[in-house]
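Here is the structure we will look at.
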Amino acid sequence: MWVPRPGAWRALRGLAAFQGRRFAGAATQQQGKGNVDESALRPLYLDVQATTPLDPRVLDSMLPYLIHYYGNPHSRTHAYGWESESAMEKARQQVASIIEADPREIIFTSGATESNNIAIKGVARFYKSRKKHIITTQTEHKCVLDSCRALEAEGFNVTYLPVKKNGIIDLKELENAIQPDTSLVSIMTVNNEIGVKQPVSDIGQICNSRKIFFHTDAAQAVGKIPLNVNDMKIDLMSISGHKIYGPKGVGAIYIRRRPRVRVEPLQSGGGQERGLRSGTVPTPLVVGFGAACELAQQEMEYDHKRISLLAERLVTKIMAEIPDVVMNGDPVDRYPGCINLSFAYVEGESLLMALKEVALSSGSACTSASLEPSYVLRAIGTDEDLAHSSIRFGIGRFTTEEELDYTVKKCIQQVKRLREMSPLWEMVQDGIDLKNIKWTQH
């Protein structure tokens with residue numbers, strides 16, 4: 001059995017009181033969308049790639065700045081401004097520390113989406129007179145891909161690198177894609193759908209040797225795996241607060257000072273954040289963000305070890321009981337807390353509905369409203385049928401063994417039930433090869 005660290009005990013008690021009772025069998029939501037019966041039990045939460053619960057210790061750090069210390073951190077003429085500015089700079093130091101950066105290289109933003117937009121559009125537009133080529137991958141987050149498409153409409157050339165079947169890029173293909181006018185390479189550290197880790201250090205070395213800026217979307221990696229922007233030769237990095245048990249609505253972009261990376265700001269205003277991101281910095285949010293980074297740094301090794309054990313437990317139990325289950329992405333080079341499984345001959349959306357006692361996802365929260373199969377799974381060569389049958393399990397700091405075992409038990413039950421209802425499963429059991437069948441329409 002898992003025994004929490006002393007600090008985590010307080011957090012768990014606070015989280016239990018904060019979240020209320022959890023789901024144990026009955027449905028939680030009323031029929032109308034968004035109408036939640038607060039007296040009902042709530043689902044177990046295994047979707048930490050979408051967002052994480054606020055760590056109660058983070059909330060404790062934020063409360064004084066929501067009530068008492070409410071000054072504008074950019075007001076230089078009185079104590080209210082000075083105390084907020086001091087808290088903001090402490091948070092900047094905490095964020096910088098987790099990636100081994102200089103605090104002056106940290107720019108606060110509203111989240112990783114804004115940071116990705118600043119990094120990609122900002123670098124591309126600043127250097128556009130000399131360089132008009134950008135490299136990214138086909139499995140990036142939607143905001144990276146859409147930023148690149150916006151630049152294509154402005155006349156930039158973008159190379160979308162394919163990935164191998166394990167979800168990892170081929171470094172030779174990256175080297176071959178580099179052109180004399182390449183200004184930026186943008187490749188994420190940990191994928192938000194399948195959890196694979198890209199060889200960020202190797203990519204950084206390649207970019208550094210060719211004098212090309214390297215940006216990485218590390219929203220799913222910061223606080224979960226060790227990162228050092230100097231050793232990894234990273235020039236720009238996007239970070240999100242709510243992916244590391246911090247508040248929503250805040251994030252940061254790391255922008256290297258030496259050698260200096262120049263970025264064209266996306267918005268105009270009062271020139272806050274070195275003129276790169278105008279607008280009043282929200283002190284309570286950045287204080288919470290800084291506290292979340294500090295906690296993540298202190299507990300990273302412990303969290304990683306525990307989450308790895310829980311992940312192995314989930315995968316082993318499911319695969320021992322259910323045949324024809326595929327883990328998407330590389331089985332080794334991955335963050336263990338993000339597990340994407342495809343259950344052959346089961347429709348993913350049907351399985352999600354059957355598992356209403358557990359909050360899960362069939363892909364990225366930013367694109368899961370679409371009925372199209374995940375573009376990430378398509379990029380790694382997954383058959384469309386298997387892509388439609390995928391479920392993402394997100395294991396985090398507050399996930400317990402009991403919750404995991406309950407999820408596994410329900411998943412096994414529901415997959416078996418849905419397969420018994422499937423004519424395709426029946427044909428497979430009879431030894432029919434579905435790929436050799438020529439389906440006709442009437």
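The way I read the labels, and the way they are meant: chains A, B, ... in the order of the structure tokens, residue 1 as the first residue of every chain, and ligand 1 as the first ligand shown, with later ones counted on from there.
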
Range 224-229 of chain A surroundings by only C-alpha atoms, 9 Å radius, close-in-sequence under 3 positions cut, as JSON, numbers by chain: {"A": [98, 99, 100, 101, 220, 221, 232, 233, 234, 235, 236, 237, 244, 254, 256, 296, 297, 300, 301, 303, 304, 335]}

Only C-alpha atoms, please: the residues just picked out, written as a PDB file, in the first residue's frame.
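Printed below is selection.pdb as written:
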ATOM      1  CA  ILE A  98      12.202  24.107 -11.647  1.00  0.00           C
ATOM      2  CA  ILE A  99      13.764  24.364 -15.137  1.00  0.00           C
ATOM      3  CA  GLU A 100      17.189  25.675 -13.988  1.00  0.00           C
ATOM      4  CA  ALA A 101      16.676  29.075 -15.651  1.00  0.00           C
ATOM      5  CA  GLN A 220       2.913  18.086 -19.707  1.00  0.00           C
ATOM      6  CA  ALA A 221       6.529  17.741 -18.578  1.00  0.00           C
ATOM      7  CA  MET A 232      19.102  20.597 -23.052  1.00  0.00           C
ATOM      8  CA  LYS A 233      19.930  23.664 -25.198  1.00  0.00           C
ATOM      9  CA  ILE A 234      16.323  24.878 -25.065  1.00  0.00           C
ATOM     10  CA  ASP A 235      15.794  28.496 -26.163  1.00  0.00           C
ATOM     11  CA  LEU A 236      12.060  28.849 -25.488  1.00  0.00           C
ATOM     12  CA  MET A 237       9.751  26.785 -23.277  1.00  0.00           C
ATOM     13  CA  ILE A 244       1.008  20.939 -12.067  1.00  0.00           C
ATOM     14  CA  TYR A 254      10.959  30.864 -20.808  1.00  0.00           C
ATOM     15  CA  ARG A 256      16.743  32.632 -23.299  1.00  0.00           C
ATOM     16  CA  ALA A 296       6.501  19.851  -7.735  1.00  0.00           C
ATOM     17  CA  GLN A 297      10.257  20.295  -7.521  1.00  0.00           C
ATOM     18  CA  MET A 300       8.955  15.174  -8.253  1.00  0.00           C
ATOM     19  CA  GLU A 301      11.030  12.086  -7.548  1.00  0.00           C
ATOM     20  CA  ASP A 303       5.493  11.452  -7.282  1.00  0.00           C
ATOM     21  CA  HIS A 304       7.185   9.903 -10.329  1.00  0.00           C
ATOM     22  CA  TYR A 335       5.785   9.732 -18.926  1.00  0.00           C
TER      23      TYR A 335
END

Test item: residues at most 8 Å from range 180-192 of chain A, only C-alpha atoms, excluding those fewer than 5 positions along its chain, as JSON, numbers by chain: {"A": [49, 120, 123, 124, 127, 130, 131, 132, 133, 134, 135, 136, 137, 139, 140, 141, 197, 198, 199, 200, 207, 212, 213, 214, 215, 216, 217, 218, 219, 220, 221, 334, 335, 338, 364]}

Next, dump the selected residues to file, keeping only N, CA and C atoms, as an mmCIF file, in the first residue's frame.
data_model
loop_
_atom_site.group_PDB
_atom_site.id
_atom_site.type_symbol
_atom_site.label_atom_id
_atom_site.label_comp_id
_atom_site.auth_asym_id
_atom_site.auth_seq_id
_atom_site.Cartn_x
_atom_site.Cartn_y
_atom_site.Cartn_z
ATOM 1 N N GLN A 49 -4.215 14.886 -17.519
ATOM 2 C CA GLN A 49 -3.589 15.576 -18.658
ATOM 3 C C GLN A 49 -4.447 16.769 -19.093
ATOM 4 N N ILE A 120 6.105 30.861 -31.090
ATOM 5 C CA ILE A 120 6.134 30.521 -32.522
ATOM 6 C C ILE A 120 5.928 31.748 -33.395
ATOM 7 N N VAL A 123 8.859 34.634 -32.580
ATOM 8 C CA VAL A 123 10.177 34.398 -33.191
ATOM 9 C C VAL A 123 10.082 34.510 -34.712
ATOM 10 N N ALA A 124 9.083 33.852 -35.290
ATOM 11 C CA ALA A 124 8.944 33.839 -36.756
ATOM 12 C C ALA A 124 8.831 35.264 -37.312
ATOM 13 N N TYR A 127 12.172 37.508 -37.037
ATOM 14 C CA TYR A 127 13.283 37.171 -37.942
ATOM 15 C C TYR A 127 12.828 36.977 -39.392
ATOM 16 N N ARG A 130 14.882 37.628 -42.750
ATOM 17 C CA ARG A 130 15.983 36.754 -43.156
ATOM 18 C C ARG A 130 15.605 35.279 -43.192
ATOM 19 N N LYS A 131 14.655 34.896 -42.337
ATOM 20 C CA LYS A 131 14.329 33.470 -42.205
ATOM 21 C C LYS A 131 12.815 33.269 -42.221
ATOM 22 N N LYS A 132 12.356 32.366 -43.070
ATOM 23 C CA LYS A 132 10.907 32.170 -43.202
ATOM 24 C C LYS A 132 10.494 30.701 -43.175
ATOM 25 N N HIS A 133 11.301 29.888 -42.498
ATOM 26 C CA HIS A 133 10.985 28.454 -42.435
ATOM 27 C C HIS A 133 10.938 27.993 -40.983
ATOM 28 N N ILE A 134 9.933 27.181 -40.655
ATOM 29 C CA ILE A 134 9.728 26.650 -39.295
ATOM 30 C C ILE A 134 9.536 25.144 -39.393
ATOM 31 N N ILE A 135 10.002 24.422 -38.382
ATOM 32 C CA ILE A 135 9.829 22.973 -38.335
ATOM 33 C C ILE A 135 9.067 22.614 -37.069
ATOM 34 N N THR A 136 8.067 21.748 -37.211
ATOM 35 C CA THR A 136 7.342 21.211 -36.065
ATOM 36 C C THR A 136 6.985 19.757 -36.377
ATOM 37 N N THR A 137 6.142 19.137 -35.559
ATOM 38 C CA THR A 137 5.754 17.750 -35.826
ATOM 39 C C THR A 137 4.239 17.650 -36.000
ATOM 40 N N THR A 139 2.299 15.767 -34.391
ATOM 41 C CA THR A 139 1.620 15.370 -33.156
ATOM 42 C C THR A 139 1.630 16.462 -32.094
ATOM 43 N N GLU A 140 1.926 17.689 -32.486
ATOM 44 C CA GLU A 140 1.951 18.794 -31.522
ATOM 45 C C GLU A 140 0.549 19.123 -31.028
ATOM 46 N N HIS A 141 0.493 19.914 -29.956
ATOM 47 C CA HIS A 141 -0.781 20.399 -29.446
ATOM 48 C C HIS A 141 -1.439 21.289 -30.506
ATOM 49 N N LYS A 197 7.852 10.717 -24.657
ATOM 50 C CA LYS A 197 8.842 11.772 -24.460
ATOM 51 C C LYS A 197 9.715 11.872 -25.714
ATOM 52 N N GLN A 198 9.814 13.065 -26.253
ATOM 53 C CA GLN A 198 10.709 13.281 -27.391
ATOM 54 C C GLN A 198 12.149 13.432 -26.897
ATOM 55 N N PRO A 199 13.139 13.108 -27.732
ATOM 56 C CA PRO A 199 14.553 13.244 -27.322
ATOM 57 C C PRO A 199 14.978 14.710 -27.325
ATOM 58 N N VAL A 200 14.494 15.451 -26.337
ATOM 59 C CA VAL A 200 14.641 16.904 -26.314
ATOM 60 C C VAL A 200 16.106 17.331 -26.292
ATOM 61 N N CYS A 207 19.786 21.682 -33.000
ATOM 62 C CA CYS A 207 19.411 23.075 -33.267
ATOM 63 C C CYS A 207 20.546 24.028 -32.900
ATOM 64 N N ILE A 212 19.891 27.446 -34.795
ATOM 65 C CA ILE A 212 18.439 27.571 -34.962
ATOM 66 C C ILE A 212 17.808 27.560 -33.571
ATOM 67 N N PHE A 213 16.826 28.407 -33.354
ATOM 68 C CA PHE A 213 16.170 28.440 -32.052
ATOM 69 C C PHE A 213 15.294 27.201 -31.861
ATOM 70 N N PHE A 214 15.307 26.677 -30.621
ATOM 71 C CA PHE A 214 14.526 25.487 -30.290
ATOM 72 C C PHE A 214 13.491 25.839 -29.223
ATOM 73 N N HIS A 215 12.218 25.654 -29.574
ATOM 74 C CA HIS A 215 11.113 25.852 -28.630
ATOM 75 C C HIS A 215 10.484 24.508 -28.301
ATOM 76 N N THR A 216 10.156 24.305 -27.030
ATOM 77 C CA THR A 216 9.436 23.086 -26.649
ATOM 78 C C THR A 216 8.235 23.435 -25.785
ATOM 79 N N ASP A 217 7.105 22.806 -26.113
ATOM 80 C CA ASP A 217 5.898 22.908 -25.299
ATOM 81 C C ASP A 217 6.049 21.871 -24.190
ATOM 82 N N ALA A 218 6.343 22.356 -22.969
ATOM 83 C CA ALA A 218 6.619 21.443 -21.853
ATOM 84 C C ALA A 218 5.488 21.443 -20.832
ATOM 85 N N ALA A 219 4.272 21.779 -21.273
ATOM 86 C CA ALA A 219 3.130 21.845 -20.349
ATOM 87 C C ALA A 219 2.910 20.529 -19.616
ATOM 88 N N GLN A 220 3.144 19.398 -20.314
ATOM 89 C CA GLN A 220 2.913 18.086 -19.707
ATOM 90 C C GLN A 220 4.173 17.511 -19.058
ATOM 91 N N ALA A 221 5.257 18.278 -19.073
ATOM 92 C CA ALA A 221 6.529 17.741 -18.578
ATOM 93 C C ALA A 221 7.052 18.459 -17.344
ATOM 94 N N ARG A 334 8.469 7.358 -22.180
ATOM 95 C CA ARG A 334 7.151 7.934 -21.958
ATOM 96 C C ARG A 334 7.063 8.451 -20.523
ATOM 97 N N TYR A 335 6.110 9.353 -20.299
ATOM 98 C CA TYR A 335 5.785 9.732 -18.926
ATOM 99 C C TYR A 335 4.730 8.751 -18.431
ATOM 100 N N CYS A 338 0.559 9.098 -18.104
ATOM 101 C CA CYS A 338 -0.337 9.251 -19.260
ATOM 102 C C CYS A 338 -0.359 7.931 -20.023
ATOM 103 N N SER A 364 -7.241 14.521 -26.385
ATOM 104 C CA SER A 364 -6.979 15.848 -25.848
ATOM 105 C C SER A 364 -8.284 16.559 -25.502
#

Which of range 113-262 of chain A DSSP labels strand (DSSP E or B), written as a PyMOL selection string: chain A and resi 133-137+157-161+182-186+190+196-197+213-217+236-240+251-255

Using only C-alpha atoms: which of A:Ile391, A:Leu310, A:Val332, A:Ile169 has the shortest distance to Glu347 in chain A: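 Ranking A:Ile391, A:Leu310, A:Val332, A:Ile169 by distance to Glu347 in chain A, first place goes to A:Ile391.
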
CA of Ser422 in chain A to CA of Val346 in chain A, straight-line distance in Å: 7.7 Å

Residues near range 314-319 of chain A, cut-off 9 Å, only C-alpha atoms, skip fewer than 6 positions along chain, as a PyMOL selection string: chain A and resi 325-327+339+341+404-405+407-409+411-412

Among listed residues A:His388, A:Arg417, A:Pro53, A:Arg378, nearest Val163 in chain A (using only C-alpha atoms): A:Arg378

Separation of CA of Asn116 in chain A from CA of Glu372 in chain A, in Å and rounded to one decimal: 24.3 Å

Residue contacts of range 351-359 of chain A (6 Å, only C-alpha atoms) excluding same-chain residues fewer than 5 positions away, as a PyMOL selection string: chain A and resi 43-46

Residue neighbourhood Ser278 in chain A, 12 Å, only C-alpha atoms, exclusion window fewer than 5 positions, as a PyMOL selection string: chain A and resi 74+107-110+265-273

Resulting file, chosen residues, N, CA and C atoms, as a PDB file, in the first residue's frame:
ATOM      1  N   HIS A  74       2.547  46.405 -10.354  1.00  0.00           N
ATOM      2  CA  HIS A  74       3.267  47.398 -11.160  1.00  0.00           C
ATOM      3  C   HIS A  74       3.129  48.814 -10.604  1.00  0.00           C
ATOM      4  N   ILE A 107       8.701  34.858 -18.337  1.00  0.00           N
ATOM      5  CA  ILE A 107       7.654  35.838 -18.646  1.00  0.00           C
ATOM      6  C   ILE A 107       6.311  35.188 -18.302  1.00  0.00           C
ATOM      7  N   PHE A 108       5.539  35.818 -17.426  1.00  0.00           N
ATOM      8  CA  PHE A 108       4.247  35.266 -17.055  1.00  0.00           C
ATOM      9  C   PHE A 108       3.215  35.501 -18.163  1.00  0.00           C
ATOM     10  N   THR A 109       2.399  34.474 -18.404  1.00  0.00           N
ATOM     11  CA  THR A 109       1.349  34.532 -19.433  1.00  0.00           C
ATOM     12  C   THR A 109       0.058  33.961 -18.836  1.00  0.00           C
ATOM     13  N   SER A 110      -0.951  33.818 -19.684  1.00  0.00           N
ATOM     14  CA  SER A 110      -2.224  33.247 -19.208  1.00  0.00           C
ATOM     15  C   SER A 110      -2.223  31.720 -19.268  1.00  0.00           C
ATOM     16  N   PRO A 265       6.303  40.966 -29.690  1.00  0.00           N
ATOM     17  CA  PRO A 265       5.129  40.786 -28.815  1.00  0.00           C
ATOM     18  C   PRO A 265       3.846  40.631 -29.624  1.00  0.00           C
ATOM     19  N   LEU A 266       2.899  39.880 -29.074  1.00  0.00           N
ATOM     20  CA  LEU A 266       1.619  39.684 -29.750  1.00  0.00           C
ATOM     21  C   LEU A 266       0.610  40.749 -29.382  1.00  0.00           C
ATOM     22  N   GLN A 267       0.757  41.352 -28.173  1.00  0.00           N
ATOM     23  CA  GLN A 267      -0.204  42.364 -27.773  1.00  0.00           C
ATOM     24  C   GLN A 267       0.494  43.621 -27.267  1.00  0.00           C
ATOM     25  N   SER A 268      -0.179  44.743 -27.470  1.00  0.00           N
ATOM     26  CA  SER A 268       0.361  46.037 -27.067  1.00  0.00           C
ATOM     27  C   SER A 268      -0.260  46.461 -25.745  1.00  0.00           C
ATOM     28  N   GLY A 269       0.450  47.311 -25.005  1.00  0.00           N
ATOM     29  CA  GLY A 269      -0.088  47.768 -23.726  1.00  0.00           C
ATOM     30  C   GLY A 269       0.952  48.503 -22.917  1.00  0.00           C
ATOM     31  N   GLY A 270       0.927  48.263 -21.619  1.00  0.00           N
ATOM     32  CA  GLY A 270       1.770  49.026 -20.695  1.00  0.00           C
ATOM     33  C   GLY A 270       3.214  48.585 -20.622  1.00  0.00           C
ATOM     34  N   GLY A 271       3.585  47.574 -21.388  1.00  0.00           N
ATOM     35  CA  GLY A 271       4.989  47.154 -21.437  1.00  0.00           C
ATOM     36  C   GLY A 271       5.433  46.281 -20.283  1.00  0.00           C
ATOM     37  N   GLN A 272       4.474  45.669 -19.577  1.00  0.00           N
ATOM     38  CA  GLN A 272       4.859  44.772 -18.490  1.00  0.00           C
ATOM     39  C   GLN A 272       5.590  43.546 -19.046  1.00  0.00           C
ATOM     40  N   GLU A 273       6.248  42.815 -18.152  1.00  0.00           N
ATOM     41  CA  GLU A 273       6.989  41.596 -18.517  1.00  0.00           C
ATOM     42  C   GLU A 273       7.987  41.857 -19.650  1.00  0.00           C
TER      43      GLU A 273
END

Residue nearest Gly337 in chain A - candidates A:Glu193, A:Glu152, A:Glu349, A:Glu384, atoms counted: only C-alpha atoms: A:Glu193

Long-range neighbours of range 261-264 of chain A as number ranges by chain, 7 Å cut-off, only C-alpha atoms, 4 positions minimum in chain: A: 122-123, 125-126, 255-257

The selected residues should be written to file as a JSON list (two decimals), in the first residue's frame (atoms: N, CA, C and O atoms).
[["chain", "number", "residue", "atom", "x", "y", "z"],
["A", 122, "GLY", "N", 5.99, 34.90, -32.38],
["A", 122, "GLY", "CA", 6.91, 35.97, -31.99],
["A", 122, "GLY", "C", 8.28, 35.84, -32.63],
["A", 122, "GLY", "O", 8.83, 36.80, -33.17],
["A", 123, "VAL", "N", 8.86, 34.63, -32.58],
["A", 123, "VAL", "CA", 10.18, 34.40, -33.19],
["A", 123, "VAL", "C", 10.08, 34.51, -34.71],
["A", 123, "VAL", "O", 10.90, 35.17, -35.36],
["A", 125, "ARG", "N", 7.99, 36.09, -36.68],
["A", 125, "ARG", "CA", 7.78, 37.45, -37.21],
["A", 125, "ARG", "C", 8.98, 38.35, -36.98],
["A", 125, "ARG", "O", 9.27, 39.22, -37.81],
["A", 126, "PHE", "N", 9.70, 38.14, -35.87],
["A", 126, "PHE", "CA", 10.86, 39.00, -35.62],
["A", 126, "PHE", "C", 11.97, 38.76, -36.65],
["A", 126, "PHE", "O", 12.62, 39.71, -37.09],
["A", 255, "ILE", "N", 12.28, 32.46, -22.10],
["A", 255, "ILE", "CA", 12.95, 32.99, -23.30],
["A", 255, "ILE", "C", 14.40, 33.25, -22.94],
["A", 255, "ILE", "O", 14.71, 34.08, -22.07],
["A", 256, "ARG", "N", 15.31, 32.55, -23.61],
["A", 256, "ARG", "CA", 16.74, 32.63, -23.30],
["A", 256, "ARG", "C", 17.29, 34.05, -23.49],
["A", 256, "ARG", "O", 16.95, 34.74, -24.44],
["A", 257, "ARG", "N", 18.15, 34.45, -22.54],
["A", 257, "ARG", "CA", 18.78, 35.77, -22.61],
["A", 257, "ARG", "C", 20.15, 35.74, -23.29],
["A", 257, "ARG", "O", 20.51, 36.68, -23.99]]

Straight-line distance linking CA of Gly155 in chain A with CA of Ala379 in chain A, stated in Å to one decimal: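 It comes out at 25.3 Å.
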
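The residues of range 81-114 of chain A that DSSP classifies as alpha helix (DSSP H), using the backbone of this structure, are A:Gly81, A:Trp82, A:Glu83, A:Ser84, A:Glu85, A:Ser86, A:Ala87, A:Met88, A:Glu89, A:Lys90, A:Ala91, A:Arg92, A:Gln93, A:Gln94, A:Val95, A:Ala96, A:Ser97, A:Ile98, A:Ala112, A:Thr113, A:Glu114.
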
Residue nearest Asp330 in chain A among A:Gln179, A:Gln298, A:Gln94, A:Gly167 (counting only C-alpha atoms):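 The closest residue to Asp330 in chain A is A:Gly167.
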
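Shortest atom-to-atom contact with Thr399 in chain A among A:Leu386, A:Leu309, A:Leu377, A:Leu151: A:Leu309, counting only C-alpha atoms.
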